[in-house]
$ cat query.pdb   # PDB, C-alpha atoms
ATOM      1  CA  MET C  30       1.786 -52.139  17.697
ATOM      2  CA  SER C  31       4.557 -49.704  18.564
ATOM      3  CA  LYS C  32       5.129 -46.596  16.510
ATOM      4  CA  ASP C  33       8.191 -46.443  14.348
ATOM      5  CA  PRO C  34      10.137 -43.377  15.522
ATOM      6  CA  SER C  35      12.236 -43.465  12.374
ATOM      7  CA  GLY C  36       9.197 -43.067  10.075
ATOM      8  CA  ASP C  37       9.450 -40.430   7.354
ATOM      9  CA  LYS C  38       7.290 -37.440   8.325
ATOM     10  CA  SER C  39       8.921 -34.909   6.024
ATOM     11  CA  ALA C  40       6.087 -34.761   3.465
ATOM     12  CA  LYS C  41       3.416 -34.287   6.148
ATOM     13  CA  ASP C  42       5.556 -31.732   8.014
ATOM     14  CA  THR C  43       6.146 -29.768   4.812
ATOM     15  CA  HIS C  44       2.409 -29.754   4.050
ATOM     16  CA  TYR C  45       1.484 -28.417   7.496
ATOM     17  CA  ALA C  46       4.325 -25.887   7.435
ATOM     18  CA  THR C  47       2.973 -24.574   4.120
ATOM     19  CA  LEU C  48      -0.529 -24.244   5.601
ATOM     20  CA  ARG C  49       0.849 -22.408   8.648
ATOM     21  CA  ARG C  50       2.808 -19.986   6.483
ATOM     22  CA  ALA C  51      -0.244 -19.288   4.298
ATOM     23  CA  HIS C  52      -2.365 -18.649   7.410
ATOM     24  CA  ARG C  53       0.240 -16.238   8.828
ATOM     25  CA  ASP C  54       0.539 -14.421   5.493
ATOM     26  CA  GLN C  55      -3.232 -13.925   5.308
ATOM     27  CA  LYS C  56      -3.289 -12.496   8.846
ATOM     28  CA  ARG C  57      -0.437 -10.112   7.969
ATOM     29  CA  GLU C  58      -2.339  -8.923   4.877
ATOM     30  CA  ARG C  59      -5.340  -8.141   7.080
ATOM     31  CA  GLY C  60      -3.092  -6.281   9.550
ATOM     32  CA  GLU C  61      -3.870  -8.713  12.377
ATOM     33  CA  ILE C  62      -0.213  -9.506  13.071
ATOM     34  CA  PRO C  63       2.876  -7.373  12.351
ATOM     35  CA  THR C  64       5.398  -7.963   9.604
ATOM     36  CA  PRO C  65       8.498  -9.592  11.130
ATOM     37  CA  ALA C  66      11.315  -7.270  12.114
ATOM     38  CA  GLU C  67      14.519  -7.164  10.108
ATOM     39  CA  ASP C  68      16.614 -10.316  10.591
ATOM     40  CA  ARG C  69      20.229  -9.782   9.618
ATOM     41  CA  ARG C  70      21.015 -13.495   9.638
ATOM     42  CA  ARG C  71      18.384 -14.029   6.942
ATOM     43  CA  GLN C  72      19.777 -11.068   5.022
ATOM     44  CA  LYS C  73      23.246 -12.598   5.004
ATOM     45  CA  ALA C  74      21.844 -15.953   3.957
ATOM     46  CA  ALA C  75      19.986 -14.362   1.053
ATOM     47  CA  ALA C  76      23.183 -12.633  -0.015
ATOM     48  CA  GLY C  77      25.148 -15.880   0.054
ATOM     49  CA  GLY C  78      26.898 -15.013   3.295
ATOM     50  CA  LYS C  79      28.592 -11.951   1.762
ATOM     51  CA  GLY C  80      26.951  -9.306   3.941
ATOM     52  CA  GLU C  81      23.583  -7.572   3.905
ATOM     53  CA  TRP C  82      21.207  -8.133   1.016
ATOM     54  CA  GLN C  83      21.203  -5.400  -1.596
ATOM     55  CA  ALA C  84      18.232  -4.785  -3.883
ATOM     56  CA  PRO C  85      19.061  -5.291  -7.572
ATOM     57  CA  PRO C  86      18.759  -2.061  -9.575
ATOM     58  CA  LEU C  87      15.411  -1.430 -11.245
ATOM     59  CA  ALA C  88      14.834   0.535 -14.416
ATOM     60  CA  PRO C  89      12.640   3.671 -14.092
ATOM     61  CA  ASP C  90       9.861   1.894 -15.997
ATOM     62  CA  GLN C  91      10.029  -1.311 -13.958
ATOM     63  CA  VAL C  92       7.944  -2.188 -10.889
ATOM     64  CA  GLN C  93       8.060  -5.462  -8.973
ATOM     65  CA  LEU C  94       4.818  -6.316  -7.173
ATOM     66  CA  TYR C  95       4.534  -9.247  -4.776
ATOM     67  CA  GLY C  96       2.056 -10.943  -2.478
ATOM     68  CA  ILE C  97      -1.024 -12.938  -3.484
ATOM     69  CA  HIS C  98      -3.604 -10.210  -2.884
ATOM     70  CA  THR C  99      -1.484  -7.498  -4.518
ATOM     71  CA  VAL C 100      -0.657  -9.556  -7.600
ATOM     72  CA  LYS C 101      -4.231 -10.789  -8.008
ATOM     73  CA  ALA C 102      -5.498  -7.197  -7.970
ATOM     74  CA  ALA C 103      -2.843  -6.133 -10.492
ATOM     75  CA  LEU C 104      -3.728  -9.003 -12.835
ATOM     76  CA  SER C 105      -7.352  -7.839 -12.739
ATOM     77  CA  ASN C 106      -6.469  -4.227 -13.549
ATOM     78  CA  PRO C 107      -6.829  -3.562 -17.311
ATOM     79  CA  GLU C 108      -4.523  -0.533 -16.981
ATOM     80  CA  ARG C 109      -1.619  -2.704 -15.843
ATOM     81  CA  LYS C 110       1.025  -3.466 -18.492
ATOM     82  CA  ILE C 111       2.453  -6.756 -17.300
ATOM     83  CA  VAL C 112       5.942  -7.875 -18.309
ATOM     84  CA  SER C 113       6.234 -11.260 -16.597
ATOM     85  CA  LEU C 114       5.033 -13.384 -13.684
ATOM     86  CA  SER C 115       7.289 -15.460 -11.425
ATOM     87  CA  ALA C 116       5.523 -17.835  -9.056
ATOM     88  CA  THR C 117       5.731 -21.097  -7.181
ATOM     89  CA  LEU C 118       3.306 -23.856  -8.107
ATOM     90  CA  ASN C 119       1.430 -23.282  -4.848
ATOM     91  CA  ALA C 120       1.116 -19.554  -5.577
ATOM     92  CA  LEU C 121      -0.345 -20.294  -9.024
ATOM     93  CA  VAL C 122      -3.020 -22.381  -7.328
ATOM     94  CA  ARG C 123      -3.814 -19.547  -4.904
ATOM     95  CA  LEU C 124      -3.993 -17.123  -7.850
ATOM     96  CA  ASP C 125      -6.403 -19.540  -9.577
ATOM     97  CA  ILE C 126      -4.143 -19.750 -12.642
ATOM     98  CA  LYS C 127      -4.567 -23.160 -14.242
ATOM     99  CA  ASP C 128      -3.201 -22.616 -17.743
ATOM    100  CA  THR C 129      -0.080 -20.468 -17.888
ATOM    101  CA  GLU C 130       0.253 -20.986 -21.651
ATOM    102  CA  SER C 131      -2.919 -18.978 -22.288
ATOM    103  CA  LEU C 132      -1.628 -15.867 -20.529
ATOM    104  CA  PRO C 133      -0.406 -12.954 -22.694
ATOM    105  CA  PHE C 134       2.882 -12.693 -20.768
ATOM    106  CA  PRO C 135       5.628 -15.167 -19.807
ATOM    107  CA  VAL C 136       5.342 -17.161 -16.575
ATOM    108  CA  GLU C 137       8.352 -18.607 -14.771
ATOM    109  CA  ILE C 138       8.014 -21.307 -12.119
ATOM    110  CA  VAL C 139      10.386 -20.454  -9.269
ATOM    111  CA  SER C 140      11.197 -21.449  -5.701
ATOM    112  CA  PRO C 141      10.597 -19.173  -2.700
ATOM    113  CA  GLN C 142      14.362 -18.918  -2.271
ATOM    114  CA  MET C 143      14.743 -17.476  -5.773
ATOM    115  CA  LEU C 144      12.263 -14.717  -4.931
ATOM    116  CA  ASP C 145      14.060 -14.071  -1.632
ATOM    117  CA  LYS C 146      17.214 -13.290  -3.603
ATOM    118  CA  ILE C 147      15.380 -10.820  -5.846
ATOM    119  CA  LEU C 148      13.037  -9.154  -3.330
ATOM    120  CA  GLY C 149      14.986  -9.579  -0.106
ATOM    121  CA  PRO C 150      14.420 -11.851   2.893
ATOM    122  CA  ASP C 151      11.950  -9.478   4.569
ATOM    123  CA  ALA C 152       9.523  -9.263   1.635
ATOM    124  CA  ILE C 153       6.378 -11.289   2.395
ATOM    125  CA  HIS C 154       6.079 -12.360  -1.238
ATOM    126  CA  GLN C 155       3.982 -15.522  -0.668
ATOM    127  CA  GLY C 156       5.728 -17.177  -3.601
ATOM    128  CA  VAL C 157       4.760 -14.702  -6.320
ATOM    129  CA  MET C 158       6.275 -11.665  -8.056
ATOM    130  CA  LEU C 159       4.825  -9.663 -10.927
ATOM    131  CA  GLU C 160       7.044  -7.440 -13.039
ATOM    132  CA  THR C 161       5.042  -4.599 -14.567
ATOM    133  CA  LYS C 162       5.263  -1.114 -15.976
ATOM    134  CA  PRO C 163       4.154   1.701 -13.644
ATOM    135  CA  LEU C 164       0.508   2.704 -13.799
ATOM    136  CA  PRO C 165      -0.287   5.620 -16.133
ATOM    137  CA  VAL C 166       0.511   9.082 -14.792
ATOM    138  CA  ARG C 167      -2.614  10.678 -13.319
ATOM    139  CA  ARG C 168      -3.486  14.377 -13.305
ATOM    140  CA  LEU C 169      -5.990  16.341 -11.249
ATOM    141  CA  SER C 170      -8.187  16.474 -14.338
ATOM    142  CA  ALA C 171      -8.528  12.684 -14.023
ATOM    143  CA  LEU C 172     -10.328  12.946 -10.687
ATOM    144  CA  LYS C 173     -13.485  10.930 -10.360
ATOM    145  CA  ASP C 174     -16.758  12.639  -9.497
ATOM    146  CA  SER C 175     -16.340  11.510  -5.896
ATOM    147  CA  PRO C 176     -16.985  14.305  -3.396
ATOM    148  CA  LEU C 177     -14.133  13.112  -1.175
ATOM    149  CA  ILE C 178     -10.363  13.048  -1.777
ATOM    150  CA  LEU C 179      -7.206  12.752   0.323
ATOM    151  CA  VAL C 180      -4.127  14.962   0.018
ATOM    152  CA  LEU C 181      -0.771  13.999   1.582
ATOM    153  CA  ASP C 182       1.831  16.662   2.377
ATOM    154  CA  GLN C 183       5.218  14.916   2.021
ATOM    155  CA  VAL C 184       4.355  11.629   3.719
ATOM    156  CA  THR C 185       7.509   9.677   2.880
ATOM    157  CA  ASP C 186       6.985   6.176   4.329
ATOM    158  CA  PRO C 187       5.654   3.804   1.618
ATOM    159  CA  HIS C 188       4.071   1.586   4.293
ATOM    160  CA  ASN C 189       2.031   4.533   5.575
ATOM    161  CA  VAL C 190       1.055   5.659   2.083
ATOM    162  CA  GLY C 191      -0.005   2.105   1.227
ATOM    163  CA  ALA C 192      -2.175   1.950   4.344
ATOM    164  CA  VAL C 193      -3.685   5.344   3.463
ATOM    165  CA  LEU C 194      -4.537   4.080  -0.032
ATOM    166  CA  ARG C 195      -6.321   1.108   1.504
ATOM    167  CA  SER C 196      -8.392   3.343   3.807
ATOM    168  CA  ALA C 197      -9.152   5.704   0.916
ATOM    169  CA  VAL C 198     -10.580   2.836  -1.128
ATOM    170  CA  ALA C 199     -12.545   1.538   1.863
ATOM    171  CA  PHE C 200     -14.283   4.922   2.217
ATOM    172  CA  ASP C 201     -14.686   5.394  -1.551
ATOM    173  CA  ALA C 202     -12.428   8.421  -1.887
ATOM    174  CA  GLY C 203     -11.893   9.591  -5.447
ATOM    175  CA  ALA C 204      -8.093   9.963  -5.327
ATOM    176  CA  VAL C 205      -5.014  10.244  -3.152
ATOM    177  CA  ILE C 206      -2.922  13.274  -4.125
ATOM    178  CA  THR C 207       0.688  13.784  -3.077
ATOM    179  CA  THR C 208       3.837  15.586  -4.134
ATOM    180  CA  MET C 209       6.449  14.296  -6.548
ATOM    181  CA  ARG C 210       9.242  15.206  -4.143
ATOM    182  CA  HIS C 211       9.499  13.704  -0.657
ATOM    183  CA  SER C 212       6.787  11.145  -1.418
ATOM    184  CA  PRO C 213       7.137   7.501  -2.445
ATOM    185  CA  THR C 214       6.636   6.452  -6.028
ATOM    186  CA  GLU C 215       4.854   3.258  -6.974
ATOM    187  CA  SER C 216       6.696   0.265  -5.516
ATOM    188  CA  GLY C 217       6.267  -3.278  -4.309
ATOM    189  CA  VAL C 218       6.466  -2.172  -0.665
ATOM    190  CA  MET C 219       3.718   0.420  -1.094
ATOM    191  CA  ALA C 220       1.538  -1.945  -3.152
ATOM    192  CA  LYS C 221       1.892  -4.734  -0.559
ATOM    193  CA  SER C 222       0.910  -2.331   2.240
ATOM    194  CA  ALA C 223      -2.071  -1.193   0.154
ATOM    195  CA  SER C 224      -3.138  -4.838  -0.286
ATOM    196  CA  GLY C 225      -4.591  -4.317  -3.757
ATOM    197  CA  ALA C 226      -5.870  -0.772  -3.207
ATOM    198  CA  MET C 227      -3.253   0.742  -5.523
ATOM    199  CA  GLU C 228      -5.126  -0.764  -8.469
ATOM    200  CA  LEU C 229      -8.446   0.766  -7.383
ATOM    201  CA  ILE C 230      -7.774   4.477  -6.820
ATOM    202  CA  PRO C 231      -5.830   7.188  -8.675
ATOM    203  CA  TYR C 232      -2.520   8.008  -6.964
ATOM    204  CA  ILE C 233      -1.804  11.488  -8.304
ATOM    205  CA  GLN C 234       1.612  13.078  -7.826
ATOM    206  CA  ILE C 235       1.797  16.826  -8.413
ATOM    207  CA  THR C 236       4.673  19.327  -8.483
ATOM    208  CA  ASN C 237       3.316  22.108  -6.276
ATOM    209  CA  LEU C 238       0.913  21.223  -3.482
ATOM    210  CA  ALA C 239      -0.272  24.787  -2.798
ATOM    211  CA  GLU C 240      -1.154  25.293  -6.459
ATOM    212  CA  ALA C 241      -2.928  21.924  -6.518
ATOM    213  CA  LEU C 242      -5.011  22.938  -3.489
ATOM    214  CA  GLU C 243      -6.005  26.165  -5.208
ATOM    215  CA  GLU C 244      -7.037  24.122  -8.250
ATOM    216  CA  LEU C 245      -9.119  21.865  -6.009
ATOM    217  CA  HIS C 246     -10.771  24.936  -4.493
ATOM    218  CA  GLY C 247     -11.682  25.992  -8.021
ATOM    219  CA  LEU C 248     -13.315  22.582  -8.508
ATOM    220  CA  GLY C 249     -15.510  23.226  -5.474
ATOM    221  CA  PHE C 250     -13.553  21.358  -2.805
ATOM    222  CA  HIS C 251     -13.372  22.620   0.768
ATOM    223  CA  SER C 252      -9.911  21.616   1.979
ATOM    224  CA  ILE C 253      -9.316  20.773   5.644
ATOM    225  CA  GLY C 254      -5.793  20.399   7.021
ATOM    226  CA  LEU C 255      -5.443  17.978   9.938
ATOM    227  CA  ASP C 256      -3.333  19.416  12.751
ATOM    228  CA  SER C 257      -3.100  18.244  16.358
ATOM    229  CA  ASP C 258      -3.260  21.911  17.434
ATOM    230  CA  GLY C 259      -6.042  22.853  15.026
ATOM    231  CA  PRO C 260      -8.386  25.577  16.300
ATOM    232  CA  ALA C 261     -11.563  23.488  15.951
ATOM    233  CA  PRO C 262     -12.600  19.831  15.990
ATOM    234  CA  LEU C 263     -12.846  18.230  12.566
ATOM    235  CA  GLU C 264     -16.604  17.646  12.782
ATOM    236  CA  SER C 265     -17.302  21.396  13.014
ATOM    237  CA  THR C 266     -15.196  22.406   9.988
ATOM    238  CA  PHE C 267     -16.998  20.508   7.217
ATOM    239  CA  VAL C 268     -18.600  22.800   4.644
ATOM    240  CA  GLY C 269     -20.355  22.013   1.374
ATOM    241  CA  ASP C 270     -20.564  18.771  -0.555
ATOM    242  CA  ARG C 271     -16.942  18.315  -1.702
ATOM    243  CA  VAL C 272     -14.212  17.642   0.863
ATOM    244  CA  ALA C 273     -10.422  17.403   0.502
ATOM    245  CA  LEU C 274      -8.703  16.095   3.639
ATOM    246  CA  VAL C 275      -5.050  17.176   3.911
ATOM    247  CA  LEU C 276      -2.631  15.255   6.137
ATOM    248  CA  GLY C 277       1.030  15.895   6.840
ATOM    249  CA  ALA C 278       3.956  13.665   7.700
ATOM    250  CA  GLU C 279       4.345  12.281  11.198
ATOM    251  CA  GLY C 280       6.450  14.522  13.368
ATOM    252  CA  LYS C 281       6.614  17.696  11.272
ATOM    253  CA  GLY C 282       2.951  17.681  10.201
ATOM    254  CA  LEU C 283       1.715  20.115   7.571
ATOM    255  CA  ARG C 284       4.177  22.594   6.082
ATOM    256  CA  GLN C 285       3.494  26.278   6.716
ATOM    257  CA  LYS C 286       2.618  26.962   3.068
ATOM    258  CA  THR C 287       0.067  24.155   3.171
ATOM    259  CA  ARG C 288      -1.396  25.475   6.435
ATOM    260  CA  ASP C 289      -1.773  28.901   4.827
ATOM    261  CA  THR C 290      -3.487  27.476   1.721
ATOM    262  CA  VAL C 291      -6.101  25.059   3.083
ATOM    263  CA  SER C 292      -9.647  26.309   3.641
ATOM    264  CA  ALA C 293      -9.557  25.353   7.322
ATOM    265  CA  LEU C 294      -7.370  23.719   9.968
ATOM    266  CA  ALA C 295      -8.898  21.129  12.272
ATOM    267  CA  ARG C 296      -7.940  18.624  14.931
ATOM    268  CA  LEU C 297      -9.075  15.144  15.805
ATOM    269  CA  ASP C 298     -10.316  15.422  19.376
ATOM    270  CA  MET C 299      -8.830  12.600  21.452
ATOM    271  CA  PRO C 300      -9.690  12.385  25.162
ATOM    272  CA  GLY C 301      -6.796  10.067  25.998
ATOM    273  CA  ALA C 302      -3.218  10.848  27.005
ATOM    274  CA  ILE C 303      -1.927  10.475  23.423
ATOM    275  CA  LYS C 304      -2.937  13.383  21.181
ATOM    276  CA  SER C 305      -1.506  12.288  17.826
ATOM    277  CA  LEU C 306      -1.924   9.220  15.625
ATOM    278  CA  ASN C 307      -0.108   7.435  12.851
ATOM    279  CA  VAL C 308      -1.023   9.210   9.600
ATOM    280  CA  SER C 309      -2.841   6.176   8.208
ATOM    281  CA  ASN C 310      -4.962   5.855  11.369
ATOM    282  CA  ALA C 311      -5.732   9.581  11.314
ATOM    283  CA  ALA C 312      -6.703   9.313   7.644
ATOM    284  CA  ALA C 313      -9.160   6.492   8.360
ATOM    285  CA  ILE C 314     -10.853   8.417  11.182
ATOM    286  CA  ALA C 315     -11.036  11.617   9.141
ATOM    287  CA  LEU C 316     -12.486   9.749   6.150
ATOM    288  CA  TYR C 317     -15.174   8.220   8.363
ATOM    289  CA  ALA C 318     -16.099  11.652   9.734
ATOM    290  CA  ALA C 319     -16.159  13.153   6.235
ATOM    291  CA  ARG C 320     -18.442  10.408   4.960
ATOM    292  CA  ALA C 321     -20.800  11.031   7.907
ATOM    293  CA  HIS C 322     -20.946  14.734   6.926
ATOM    294  CA  LEU C 323     -21.533  13.981   3.232
ATOM    295  CA  LYS C 324     -24.476  11.690   4.061
ATOM    296  CA  ARG C 325     -26.406  14.535   5.675
TER     297      ARG C 325
END
$ encode --input "query.pdb" --output "structure tokens"
Amino acid sequence: MSKDPSGDKSAKDTHYATLRRAHRDQKRERGEIPTPAEDRRRQKAAAGGKGEWQAPPLAPDQVQLYGIHTVKAALSNPERKIVSLSATLNALVRLDIKDTESLPFPVEIVSPQMLDKILGPDAIHQGVMLETKPLPVRRLSALKDSPLILVLDQVTDPHNVGAVLRSAVAFDAGAVITTMRHSPTESGVMAKSASGAMELIPYIQITNLAEALEELHGLGFHSIGLDSDGPAPLESTFVGDRVALVLGAEGKGLRQKTRDTVSALARLDMPGAIKSLNVSNAAAIALYAARAHLKR
């Protein structure tokens, strides 16, 4: 019997395309493949052919989270004040939500294209968006009893900060502290990069970093500033049983005031030709070394 070349394969093709997209999204969440680069043709399509896509304005007390892992973590966080959930039917299945009527917030069934128009064509939303209020403001007094914390000196890229949050949770740090100015606030981009970690660790924004470091010293923390030209390798600068690792922005590094305030300056010894790392990679290595010290 000959095959009918005119047979309808659209349903099967759509099913396999959905599986392929889900597989790619999962690999992106794990960092195994990069997020696609900006595609201006998709931007114009999302804007109805009228030029580049523009993000709709958000109120100061409004945050849009997206991505299966990010939204699932937010839904499990009792501190999250959720306004509404927008999701495709497939995303609801992946979130294990069977009865939307029982949820204490409204749920809207949408198409992926509707979310593209709200979040932009480059947002890997996986068919789900959660509108929430920002997490409660955290202060240094809210620090956990963890002996290890991270401090960021004006790291501005939300992707980097999100990756740092993820590493901080992986190594059981008690908090990530940063400045209010020249640092990203809570956002969908940062939450997606953190892949759920934003819900699991205090993200504390302070006004004056030098004063915050002095307060940490008063709490018994030994602060170590990471600098590619630091006078000693990181492993030799650990002291005591409470460690605050301080990392600066890529390029400019730590500010002079921060360098003058930390307990010690240290470098990550790298035998290769490249002597500096992305801040999130440096944070992960420094956290590993700090944990090794604290186990002794």
$ closest_atom_pairs --input "query.pdb" --of "segment 200-262 of chain C" --to "segment 89-93 of chain C" --cutoff "9 Å" --atoms "all atoms listed in the file" --output "JSON lines"
{"residue": "C:Glu215", "atom": "CA", "partner": "C:Val92", "partner_atom": "CA", "distance": 7.4}
{"residue": "C:Ser216", "atom": "CA", "partner": "C:Val92", "partner_atom": "CA", "distance": 6.0}
{"residue": "C:Gly217", "atom": "CA", "partner": "C:Gln93", "partner_atom": "CA", "distance": 5.5}
$ write_last_selection --input "query.pdb" --atoms "C-alpha atoms" --output "PDB file, keeping the file's coordinate frame"
ATOM      1  CA  GLU C 215       4.854   3.258  -6.974  1.00  0.00           C
ATOM      2  CA  SER C 216       6.696   0.265  -5.516  1.00  0.00           C
ATOM      3  CA  GLY C 217       6.267  -3.278  -4.309  1.00  0.00           C
TER       4      GLY C 217
END
$ resolve_selection --input "query.pdb" --expression "the PyMOL selection byres ((chain C and resi 170) around 12)" --output "list in words"
Val166, Arg167, Arg168, Leu169, Ala171, Leu172, Lys173, Asp174, Gly203, Ala204, Ile206, Pro231, Ile233, Ile235, Ala241, Glu244, Leu245, Gly247 and Leu248 of chain C
$ residues_around --input "query.pdb" --residues "segment 262-277 of chain C" --least-positions-apart "6" --cutoff "9 Å" --atoms "all atoms listed in the file" --output "ChimeraX atom specification"
/C:175-184,242,245,248-256,283-284,287,291,293-298,308,311-312,315-316,318-319,322-323
$ atom_distance --input "query.pdb" --atom1 "atom CA of Gly191 of chain C" --atom2 "atom CA of Glu243 of chain C"
25.6 Å
$ atom_distance --input "query.pdb" --atom1 "atom CA of Gly301 of chain C" --atom2 "atom CA of Ala261 of chain C"
17.4 Å
$ closest_residue --input "query.pdb" --among "C:Asn307, C:Met158, C:Met219, C:Phe200" --to "Ala321 of chain C" --atoms "all atoms listed in the file"
C:Phe200
$ atom_distance --input "query.pdb" --atom1 "atom CA of Asp186 of chain C" --atom2 "atom CA of Leu114 of chain C"
26.7 Å
$ resolve_selection --input "query.pdb" --expression "the PyMOL selection byres ((chain C and resi 152) around 10)" --output "ChimeraX atom specification"
/C:64-65,95-96,144-145,147-151,153-155,217-218,221
$ resolve_selection --input "query.pdb" --expression "the PyMOL selection byres ((chain C and resi 139-142) around 6)" --output "PDB file with C-alpha atoms, in the coordinates of the input"
ATOM      1  CA  ALA C 116       5.523 -17.835  -9.056  1.00  0.00           C
ATOM      2  CA  THR C 117       5.731 -21.097  -7.181  1.00  0.00           C
ATOM      3  CA  ILE C 138       8.014 -21.307 -12.119  1.00  0.00           C
ATOM      4  CA  MET C 143      14.743 -17.476  -5.773  1.00  0.00           C
ATOM      5  CA  LEU C 144      12.263 -14.717  -4.931  1.00  0.00           C
ATOM      6  CA  ASP C 145      14.060 -14.071  -1.632  1.00  0.00           C
ATOM      7  CA  GLY C 156       5.728 -17.177  -3.601  1.00  0.00           C
TER       8      GLY C 156
END
$ residues_near_point --input "query.pdb" --point "(-1.7, -6.1, -5.9)" --cutoff "10 Å" --atoms "all atoms listed in the file" --output "CSV table (one decimal) with C-alpha atoms, keeping the file's coordinate frame"
chain,number,residue,atom,x,y,z
C,94,LEU,CA,4.8,-6.3,-7.2
C,95,TYR,CA,4.5,-9.2,-4.8
C,96,GLY,CA,2.1,-10.9,-2.5
C,97,ILE,CA,-1.0,-12.9,-3.5
C,98,HIS,CA,-3.6,-10.2,-2.9
C,99,THR,CA,-1.5,-7.5,-4.5
C,100,VAL,CA,-0.7,-9.6,-7.6
C,101,LYS,CA,-4.2,-10.8,-8.0
C,102,ALA,CA,-5.5,-7.2,-8.0
C,103,ALA,CA,-2.8,-6.1,-10.5
C,104,LEU,CA,-3.7,-9.0,-12.8
C,105,SER,CA,-7.4,-7.8,-12.7
C,106,ASN,CA,-6.5,-4.2,-13.5
C,158,MET,CA,6.3,-11.7,-8.1
C,159,LEU,CA,4.8,-9.7,-10.9
C,217,GLY,CA,6.3,-3.3,-4.3
C,219,MET,CA,3.7,0.4,-1.1
C,220,ALA,CA,1.5,-1.9,-3.2
C,221,LYS,CA,1.9,-4.7,-0.6
C,222,SER,CA,0.9,-2.3,2.2
C,223,ALA,CA,-2.1,-1.2,0.2
C,224,SER,CA,-3.1,-4.8,-0.3
C,225,GLY,CA,-4.6,-4.3,-3.8
C,226,ALA,CA,-5.9,-0.8,-3.2
C,227,MET,CA,-3.3,0.7,-5.5
C,228,GLU,CA,-5.1,-0.8,-8.5
C,229,LEU,CA,-8.4,0.8,-7.4
$ build_atoms --input "query.pdb" --residues "segment 99-115 of chain C" --atoms "N, CA and C atoms" --output "JSON list (two decimals), keeping the file's coordinate frame"
[["chain", "number", "residue", "atom", "x", "y", "z"],
["C", 99, "THR", "N", -1.97, -8.60, -3.68],
["C", 99, "THR", "CA", -1.48, -7.50, -4.52],
["C", 99, "THR", "C", -1.41, -7.92, -5.98],
["C", 100, "VAL", "N", -0.83, -9.08, -6.22],
["C", 100, "VAL", "CA", -0.66, -9.56, -7.60],
["C", 100, "VAL", "C", -2.01, -9.88, -8.23],
["C", 101, "LYS", "N", -2.90, -10.47, -7.47],
["C", 101, "LYS", "CA", -4.23, -10.79, -8.01],
["C", 101, "LYS", "C", -4.96, -9.52, -8.44],
["C", 102, "ALA", "N", -4.86, -8.46, -7.62],
["C", 102, "ALA", "CA", -5.50, -7.20, -7.97],
["C", 102, "ALA", "C", -4.86, -6.59, -9.22],
["C", 103, "ALA", "N", -3.53, -6.68, -9.32],
["C", 103, "ALA", "CA", -2.84, -6.13, -10.49],
["C", 103, "ALA", "C", -3.22, -6.89, -11.76],
["C", 104, "LEU", "N", -3.34, -8.20, -11.67],
["C", 104, "LEU", "CA", -3.73, -9.00, -12.84],
["C", 104, "LEU", "C", -5.14, -8.66, -13.31],
["C", 105, "SER", "N", -5.97, -8.18, -12.39],
["C", 105, "SER", "CA", -7.35, -7.84, -12.74],
["C", 105, "SER", "C", -7.50, -6.41, -13.22],
["C", 106, "ASN", "N", -6.41, -5.64, -13.17],
["C", 106, "ASN", "CA", -6.47, -4.23, -13.55],
["C", 106, "ASN", "C", -6.13, -4.08, -15.03],
["C", 107, "PRO", "N", -7.09, -3.67, -15.87],
["C", 107, "PRO", "CA", -6.83, -3.56, -17.31],
["C", 107, "PRO", "C", -5.80, -2.49, -17.65],
["C", 108, "GLU", "N", -5.51, -1.58, -16.72],
["C", 108, "GLU", "CA", -4.52, -0.53, -16.98],
["C", 108, "GLU", "C", -3.10, -0.99, -16.71],
["C", 109, "ARG", "N", -2.94, -2.17, -16.14],
["C", 109, "ARG", "CA", -1.62, -2.70, -15.84],
["C", 109, "ARG", "C", -0.99, -3.28, -17.11],
["C", 110, "LYS", "N", 0.24, -2.87, -17.41],
["C", 110, "LYS", "CA", 1.02, -3.47, -18.49],
["C", 110, "LYS", "C", 2.00, -4.44, -17.87],
["C", 111, "ILE", "N", 1.70, -5.72, -17.99],
["C", 111, "ILE", "CA", 2.45, -6.76, -17.30],
["C", 111, "ILE", "C", 3.58, -7.26, -18.19],
["C", 112, "VAL", "N", 4.77, -7.39, -17.59],
["C", 112, "VAL", "CA", 5.94, -7.88, -18.31],
["C", 112, "VAL", "C", 6.11, -9.37, -18.11],
["C", 113, "SER", "N", 6.05, -9.84, -16.87],
["C", 113, "SER", "CA", 6.23, -11.26, -16.60],
["C", 113, "SER", "C", 5.73, -11.60, -15.20],
["C", 114, "LEU", "N", 5.47, -12.87, -14.97],
["C", 114, "LEU", "CA", 5.03, -13.38, -13.68],
["C", 114, "LEU", "C", 5.98, -14.49, -13.24],
["C", 115, "SER", "N", 6.45, -14.41, -12.02],
["C", 115, "SER", "CA", 7.29, -15.46, -11.42],
["C", 115, "SER", "C", 6.55, -15.98, -10.21]]
